[in-house]
Amino acid sequence: MTEDWQAGGFGLYVHWPFCEAKCPYCDFNSHVTRFIDQDRWAKALAAEVRRYSAKTKGRVLRSIFFGGGTPSLMLPETVNAVLEATRDDWVWANDIEISLEANPRSVEAARFRGFADAGVNRVSLGVQSLNSNDLRRLGRLHDVDEARAAFDIARNQFDRVSFDLIYARQDQSLEAWRSELTEALSMAVDHLSMYQLTIEQGTAFFDRAQRGKLRGLPGEDLGADMYDLTQELCDAAGMPAYEVSNHARPGAESRHNLIYWNYGDYVGVGPGAHGRVTLGGQKYATVAAMQPGKWIEMAEAGSADVEFESLTGDDQASEYIMMGLRILDGIDTARVRKLSGSALPQDEIDHLIDLGLLWQNGATLGATPRGRLVLNSIIPELMP
């Protein structure tokens, strides 16, 4: 019998929490430390993978994603140990995508060869800007020359290479973003992620903004113009958006992220990692211990989970709506009904369609380009 998660597939997320420095805009679970016992971490991560694979034997693993933090600070042997653990009770898909995030400063040709030999076949580079002055303002340790060199190394080792850019930065004009994005598109292989700078609570940028010392951020109108320009230039370059912040040539979409957005199952291992795992027909939300020291002690003792909670049908429908409306393909309203036991509010849908924020084609419902700009306002109107 087909279970709901199979509509999205099955993946593994591995969180590596360590960085060379903490970026002032970053609210991810990342830590700076002087010494990392890679052998100990390899064994602990592999043990957590095996613990989950034993619960879900025989599943076909479509993707593995090493995120962080800065996973390119891992030794290839550490990556290999994790990948080998996935083979015990899971089956790799013939076209499995194995991605690893890298910062330009931590890119070395020899290490990248080691990652490729271990099985990594896709790299995502945290370039963030092609302007050296703005890189310094963002707290990045690399410069533009290092970013370009890292990109060249990655292209020589991997068929699939993506990189991230942040826009709506301090004192950035629309024309400056046009020039930078044009250059990025001339470099791009098949995938780009573009994120508008947001000031998140708990970051150094947030504290700076609270003191009135984060000046020059663009207003909402300029930010919206930058978003529109991003869509225009990427469409023209043959890399349309398939999700709010992600652009790809057809067929080069991130398979791992599509598991999230299509509301499949994914195991999360590593400090602070989240997961969604269906066992015996019941979907569970999992969260691992946040602090690296606490996590590794718990993993070595048998389990690093601090939360393992069952999700109601309404919970699952809500999460599916939140994730699925981010992608161009939209959501299956029949699937929402099956999860929650009730239909979406058609009157509200019709109203949002009249406003030009949603589109509907039979059982498929999606957000228009205008709608994707204001998803946070649309989604609560559709919740079960």
# chains A, B, ... in the order shown; residues from 1 in each chain; ligands from 1
>>> select_by_dssp(residues="region 163-205 of chain A", states="helix (DSSP H, G or I)", output="PyMOL selection string")
chain A and resi 174-187+204-205
>>> residues_around(residues="region 286-296 of chain A", least_positions_apart="6", cutoff="10 Å", atoms="only C-alpha atoms", output="JSON, numbers by chain")
{"A": [16, 17, 18, 29, 30, 31, 40, 41, 43, 44, 45, 48, 266, 267, 268, 269, 270, 271, 272, 273, 274, 275, 276, 277, 302, 303, 304, 305, 306, 307, 308, 309, 310]}
>>> residues_around(residues="region 255-261 of chain A", least_positions_apart="6", cutoff="9 Å", atoms="only C-alpha atoms", output="list in words")
Ala7, Gly8, Gly9, Phe10, Gly11, Leu12, Tyr13, Arg62, Ser63, Ile64, Phe65, Ile96, Glu97, Ile98, Ser99, Glu243, Tyr320, Met322, Met323, Gly324, Leu325, Arg326 and Ile327 of chain A
>>> atom_distance(atom1="CA of Gly67 (chain A)", atom2="CA of Ser179 (chain A)")
29.2 Å
>>> atom_distance(atom1="CA of Glu253 (chain A)", atom2="CA of Asn121 (chain A)")
13.8 Å
>>> closest_atom_pairs(of="region 151-267 of chain A", to="region 130-137 of chain A", cutoff="8 Å", atoms="only C-alpha atoms", output="Markdown table")
| residue | atom | partner | partner_atom | distance |
| --- | --- | --- | --- | --- |
| A:Arg169 | CA | A:Asp134 | CA | 7.7 |
| A:Gln170 | CA | A:Asp134 | CA | 8.0 |
| A:Glu180 | CA | A:Leu130 | CA | 6.4 |
| A:Ala184 | CA | A:Leu130 | CA | 7.8 |
>>> write_last_selection(atoms="N, CA and C atoms", output="mmCIF file, in the first residue's frame")
data_model
loop_
_atom_site.group_PDB
_atom_site.id
_atom_site.type_symbol
_atom_site.label_atom_id
_atom_site.label_comp_id
_atom_site.auth_asym_id
_atom_site.auth_seq_id
_atom_site.Cartn_x
_atom_site.Cartn_y
_atom_site.Cartn_z
ATOM 1 N N ARG A 169 21.520 43.726 -0.270
ATOM 2 C CA ARG A 169 22.549 44.002 0.730
ATOM 3 C C ARG A 169 22.640 45.505 0.996
ATOM 4 N N GLN A 170 23.441 45.853 1.985
ATOM 5 C CA GLN A 170 23.614 47.269 2.332
ATOM 6 C C GLN A 170 24.129 48.067 1.129
ATOM 7 N N GLU A 180 25.909 42.139 -11.163
ATOM 8 C CA GLU A 180 26.428 40.988 -10.426
ATOM 9 C C GLU A 180 25.721 39.699 -10.838
ATOM 10 N N ALA A 184 27.096 36.264 -12.544
ATOM 11 C CA ALA A 184 26.852 34.953 -11.933
ATOM 12 C C ALA A 184 26.239 33.990 -12.941
#
>>> residues_around(residues="region 84-89 of chain A", least_positions_apart="3", cutoff="6 Å", atoms="only C-alpha atoms", output="MDAnalysis selection string")
chainID A and resid 46 53 57:58 81
>>> residues_around(residues="Arg370 (chain A)", least_positions_apart="3", cutoff="8 Å", atoms="only C-alpha atoms", output="list in words")
Gly356, Leu357, Ala367, Leu373 and Val374 of chain A
>>> residues_around(residues="Pro218 (chain A)", least_positions_apart="4", cutoff="9 Å", atoms="only C-alpha atoms", output="PDB file with N, CA, C and O atoms, in the first residue's frame")
ATOM      1  N   ALA A 168      19.905  42.339  -1.996  1.00  0.00           N
ATOM      2  CA  ALA A 168      19.303  43.338  -1.094  1.00  0.00           C
ATOM      3  C   ALA A 168      20.241  43.604   0.077  1.00  0.00           C
ATOM      4  O   ALA A 168      19.822  43.693   1.230  1.00  0.00           O
ATOM      5  N   ARG A 169      21.520  43.726  -0.270  1.00  0.00           N
ATOM      6  CA  ARG A 169      22.549  44.002   0.730  1.00  0.00           C
ATOM      7  C   ARG A 169      22.640  45.505   0.996  1.00  0.00           C
ATOM      8  O   ARG A 169      22.032  46.316   0.306  1.00  0.00           O
ATOM      9  N   GLN A 170      23.441  45.853   1.985  1.00  0.00           N
ATOM     10  CA  GLN A 170      23.614  47.269   2.332  1.00  0.00           C
ATOM     11  C   GLN A 170      24.129  48.067   1.129  1.00  0.00           C
ATOM     12  O   GLN A 170      25.112  47.688   0.491  1.00  0.00           O
ATOM     13  N   ASP A 171      23.454  49.176   0.855  1.00  0.00           N
ATOM     14  CA  ASP A 171      23.853  50.141  -0.189  1.00  0.00           C
ATOM     15  C   ASP A 171      23.906  49.533  -1.589  1.00  0.00           C
ATOM     16  O   ASP A 171      24.530  50.100  -2.484  1.00  0.00           O
ATOM     17  N   GLN A 172      23.243  48.413  -1.800  1.00  0.00           N
ATOM     18  CA  GLN A 172      23.231  47.779  -3.122  1.00  0.00           C
ATOM     19  C   GLN A 172      22.124  48.401  -3.976  1.00  0.00           C
ATOM     20  O   GLN A 172      20.966  48.484  -3.556  1.00  0.00           O
ATOM     21  N   SER A 173      22.485  48.817  -5.174  1.00  0.00           N
ATOM     22  CA  SER A 173      21.504  49.387  -6.097  1.00  0.00           C
ATOM     23  C   SER A 173      20.955  48.302  -7.011  1.00  0.00           C
ATOM     24  O   SER A 173      21.538  47.216  -7.137  1.00  0.00           O
ATOM     25  N   LEU A 222      12.436  48.439  -3.232  1.00  0.00           N
ATOM     26  CA  LEU A 222      13.670  48.082  -3.935  1.00  0.00           C
ATOM     27  C   LEU A 222      13.919  46.578  -3.824  1.00  0.00           C
ATOM     28  O   LEU A 222      14.352  45.938  -4.793  1.00  0.00           O
ATOM     29  N   GLY A 223      13.638  46.001  -2.664  1.00  0.00           N
ATOM     30  CA  GLY A 223      13.782  44.556  -2.514  1.00  0.00           C
ATOM     31  C   GLY A 223      12.893  43.798  -3.481  1.00  0.00           C
ATOM     32  O   GLY A 223      13.308  42.805  -4.093  1.00  0.00           O
TER      33      GLY A 223
END
>>> atom_distance(atom1="CA of Asp225 (chain A)", atom2="CA of Gln201 (chain A)")
24.9 Å
>>> residues_around(residues="region 331-345 of chain A", least_positions_apart="2", cutoff="12 Å", atoms="only C-alpha atoms", output="JSON, numbers by chain")
{"A": [3, 4, 5, 6, 7, 8, 261, 262, 263, 281, 282, 283, 311, 312, 313, 314, 315, 316, 317, 318, 319, 320, 321, 322, 323, 324, 325, 326, 327, 328, 329, 347, 348, 349, 350, 351, 352, 358, 359, 360, 361, 362, 363, 364, 365, 366, 367, 379, 380, 381, 382, 383, 384]}
>>> closest_residue(among="A:Leu165, A:Leu181, A:Val123, A:Ala176", to="Pro71 (chain A)", atoms="only C-alpha atoms")
A:Val123
>>> closest_residue(among="A:Glu300, A:Asp117, A:Asp95, A:Glu108", to="Pro76 (chain A)", atoms="only C-alpha atoms")
A:Asp117
>>> closest_residue(among="A:Gly371, A:Gly139, A:Tyr284, A:Phe163", to="Ser254 (chain A)", atoms="only C-alpha atoms")
A:Phe163
>>> select_by_dssp(residues="region 182-327 of chain A", states="strand (DSSP E)", output="number ranges by chain")
A: 191-196, 241-243, 246-248, 265-269, 274-279, 282-288, 305-310
>>> write_last_selection(atoms="N, CA, C and O atoms", output="compact mmCIF listing (two decimals), in the first residue's frame")
# COMPACT_ATOMS: atom_id res chain seq x y z
N HIS A 191 22.52 25.51 -11.71
CA HIS A 191 21.68 25.80 -10.54
C HIS A 191 22.23 27.00 -9.79
O HIS A 191 23.44 27.12 -9.60
N LEU A 192 21.32 27.89 -9.36
CA LEU A 192 21.68 29.03 -8.53
C LEU A 192 20.63 29.17 -7.43
O LEU A 192 19.43 28.99 -7.67
N SER A 193 21.09 29.54 -6.23
CA SER A 193 20.18 29.89 -5.14
C SER A 193 20.41 31.36 -4.79
O SER A 193 21.55 31.76 -4.54
N MET A 194 19.33 32.15 -4.80
CA MET A 194 19.43 33.58 -4.52
C MET A 194 18.50 33.94 -3.37
O MET A 194 17.29 33.74 -3.46
N TYR A 195 19.09 34.45 -2.30
CA TYR A 195 18.33 34.76 -1.10
C TYR A 195 18.37 36.25 -0.80
O TYR A 195 19.44 36.86 -0.83
N GLN A 196 17.21 36.82 -0.52
CA GLN A 196 17.18 38.20 -0.09
C GLN A 196 17.65 38.28 1.35
O GLN A 196 17.23 37.48 2.19
N ALA A 241 12.94 30.05 -12.06
CA ALA A 241 12.71 29.63 -10.68
C ALA A 241 11.85 28.38 -10.67
O ALA A 241 10.86 28.29 -11.38
N TYR A 242 12.24 27.40 -9.85
CA TYR A 242 11.35 26.27 -9.61
C TYR A 242 10.87 26.30 -8.17
O TYR A 242 10.04 25.50 -7.76
N GLU A 243 11.41 27.26 -7.40
CA GLU A 243 11.05 27.49 -6.00
C GLU A 243 11.33 28.95 -5.72
O GLU A 243 12.00 29.62 -6.51
N ASN A 246 15.18 29.44 -5.62
CA ASN A 246 16.06 28.53 -6.35
C ASN A 246 15.74 28.48 -7.84
O ASN A 246 14.57 28.40 -8.23
N HIS A 247 16.80 28.52 -8.64
CA HIS A 247 16.69 28.55 -10.09
C HIS A 247 17.54 27.44 -10.68
O HIS A 247 18.64 27.16 -10.18
N ALA A 248 17.05 26.81 -11.74
CA ALA A 248 17.80 25.71 -12.35
C ALA A 248 17.43 25.54 -13.81
O ALA A 248 16.32 25.91 -14.23
N ASP A 265 9.68 11.98 3.06
CA ASP A 265 10.33 11.66 4.33
C ASP A 265 11.82 11.96 4.22
O ASP A 265 12.43 11.75 3.16
N TYR A 266 12.41 12.40 5.32
CA TYR A 266 13.86 12.59 5.35
C TYR A 266 14.35 12.40 6.78
O TYR A 266 13.72 12.84 7.74
N VAL A 267 15.44 11.69 6.89
CA VAL A 267 16.11 11.50 8.17
C VAL A 267 17.09 12.65 8.36
O VAL A 267 17.82 13.02 7.44
N GLY A 268 17.11 13.21 9.56
CA GLY A 268 18.08 14.26 9.89
C GLY A 268 19.01 13.80 10.98
O GLY A 268 18.56 13.41 12.08
N VAL A 269 20.32 13.78 10.70
CA VAL A 269 21.30 13.43 11.73
C VAL A 269 22.31 14.57 11.86
O VAL A 269 22.56 15.31 10.92
N HIS A 274 16.67 18.34 11.88
CA HIS A 274 15.26 17.98 11.93
C HIS A 274 14.99 16.87 10.93
O HIS A 274 15.70 16.74 9.92
N GLY A 275 13.97 16.08 11.18
CA GLY A 275 13.57 15.03 10.24
C GLY A 275 12.08 14.85 10.22
O GLY A 275 11.36 15.34 11.10
N ARG A 276 11.60 14.18 9.19
CA ARG A 276 10.21 13.75 9.09
C ARG A 276 10.25 12.30 8.63
O ARG A 276 10.68 12.01 7.51
N VAL A 277 9.82 11.41 9.48
CA VAL A 277 9.96 9.97 9.21
C VAL A 277 8.65 9.26 9.49
O VAL A 277 8.06 9.42 10.56
N THR A 278 8.18 8.48 8.52
CA THR A 278 6.95 7.70 8.67
C THR A 278 7.31 6.28 9.10
O THR A 278 8.09 5.60 8.44
N LEU A 279 6.73 5.85 10.20
CA LEU A 279 6.94 4.51 10.73
C LEU A 279 5.58 3.90 11.05
O LEU A 279 4.79 4.50 11.78
N GLN A 282 2.52 6.12 10.56
CA GLN A 282 2.44 7.37 11.32
C GLN A 282 3.68 8.23 11.04
O GLN A 282 4.80 7.74 11.11
N LYS A 283 3.45 9.49 10.71
CA LYS A 283 4.56 10.40 10.44
C LYS A 283 5.00 11.08 11.74
O LYS A 283 4.16 11.54 12.53
N TYR A 284 6.34 11.14 11.93
CA TYR A 284 6.91 11.73 13.13
C TYR A 284 7.83 12.89 12.77
O TYR A 284 8.50 12.86 11.73
N ALA A 285 7.85 13.89 13.64
CA ALA A 285 8.80 15.00 13.55
C ALA A 285 9.92 14.73 14.53
O ALA A 285 9.68 14.47 15.71
N THR A 286 11.15 14.76 14.03
CA THR A 286 12.30 14.48 14.90
C THR A 286 13.22 15.69 14.96
O THR A 286 13.34 16.44 14.00
N VAL A 287 13.83 15.88 16.12
CA VAL A 287 14.82 16.95 16.33
C VAL A 287 15.96 16.37 17.14
O VAL A 287 15.73 15.70 18.16
N ALA A 288 17.18 16.61 16.69
CA ALA A 288 18.37 16.14 17.41
C ALA A 288 18.87 17.23 18.37
O ALA A 288 18.57 18.42 18.20
N ASP A 305 18.32 11.99 19.59
CA ASP A 305 17.04 12.69 19.47
C ASP A 305 16.62 13.33 20.78
O ASP A 305 16.69 12.70 21.84
N VAL A 306 16.15 14.57 20.70
CA VAL A 306 15.52 15.20 21.87
C VAL A 306 14.02 15.36 21.65
O VAL A 306 13.28 15.62 22.60
N GLU A 307 13.56 15.19 20.40
CA GLU A 307 12.13 15.21 20.10
C GLU A 307 11.83 14.10 19.09
O GLU A 307 12.58 13.90 18.14
N PHE A 308 10.73 13.41 19.33
CA PHE A 308 10.23 12.39 18.41
C PHE A 308 8.72 12.40 18.57
O PHE A 308 8.16 11.65 19.36
N GLU A 309 8.05 13.29 17.83
CA GLU A 309 6.63 13.56 18.06
C GLU A 309 5.79 13.16 16.87
O GLU A 309 6.13 13.45 15.72
N SER A 310 4.65 12.52 17.15
CA SER A 310 3.73 12.14 16.09
C SER A 310 3.00 13.39 15.57
O SER A 310 2.70 14.31 16.34
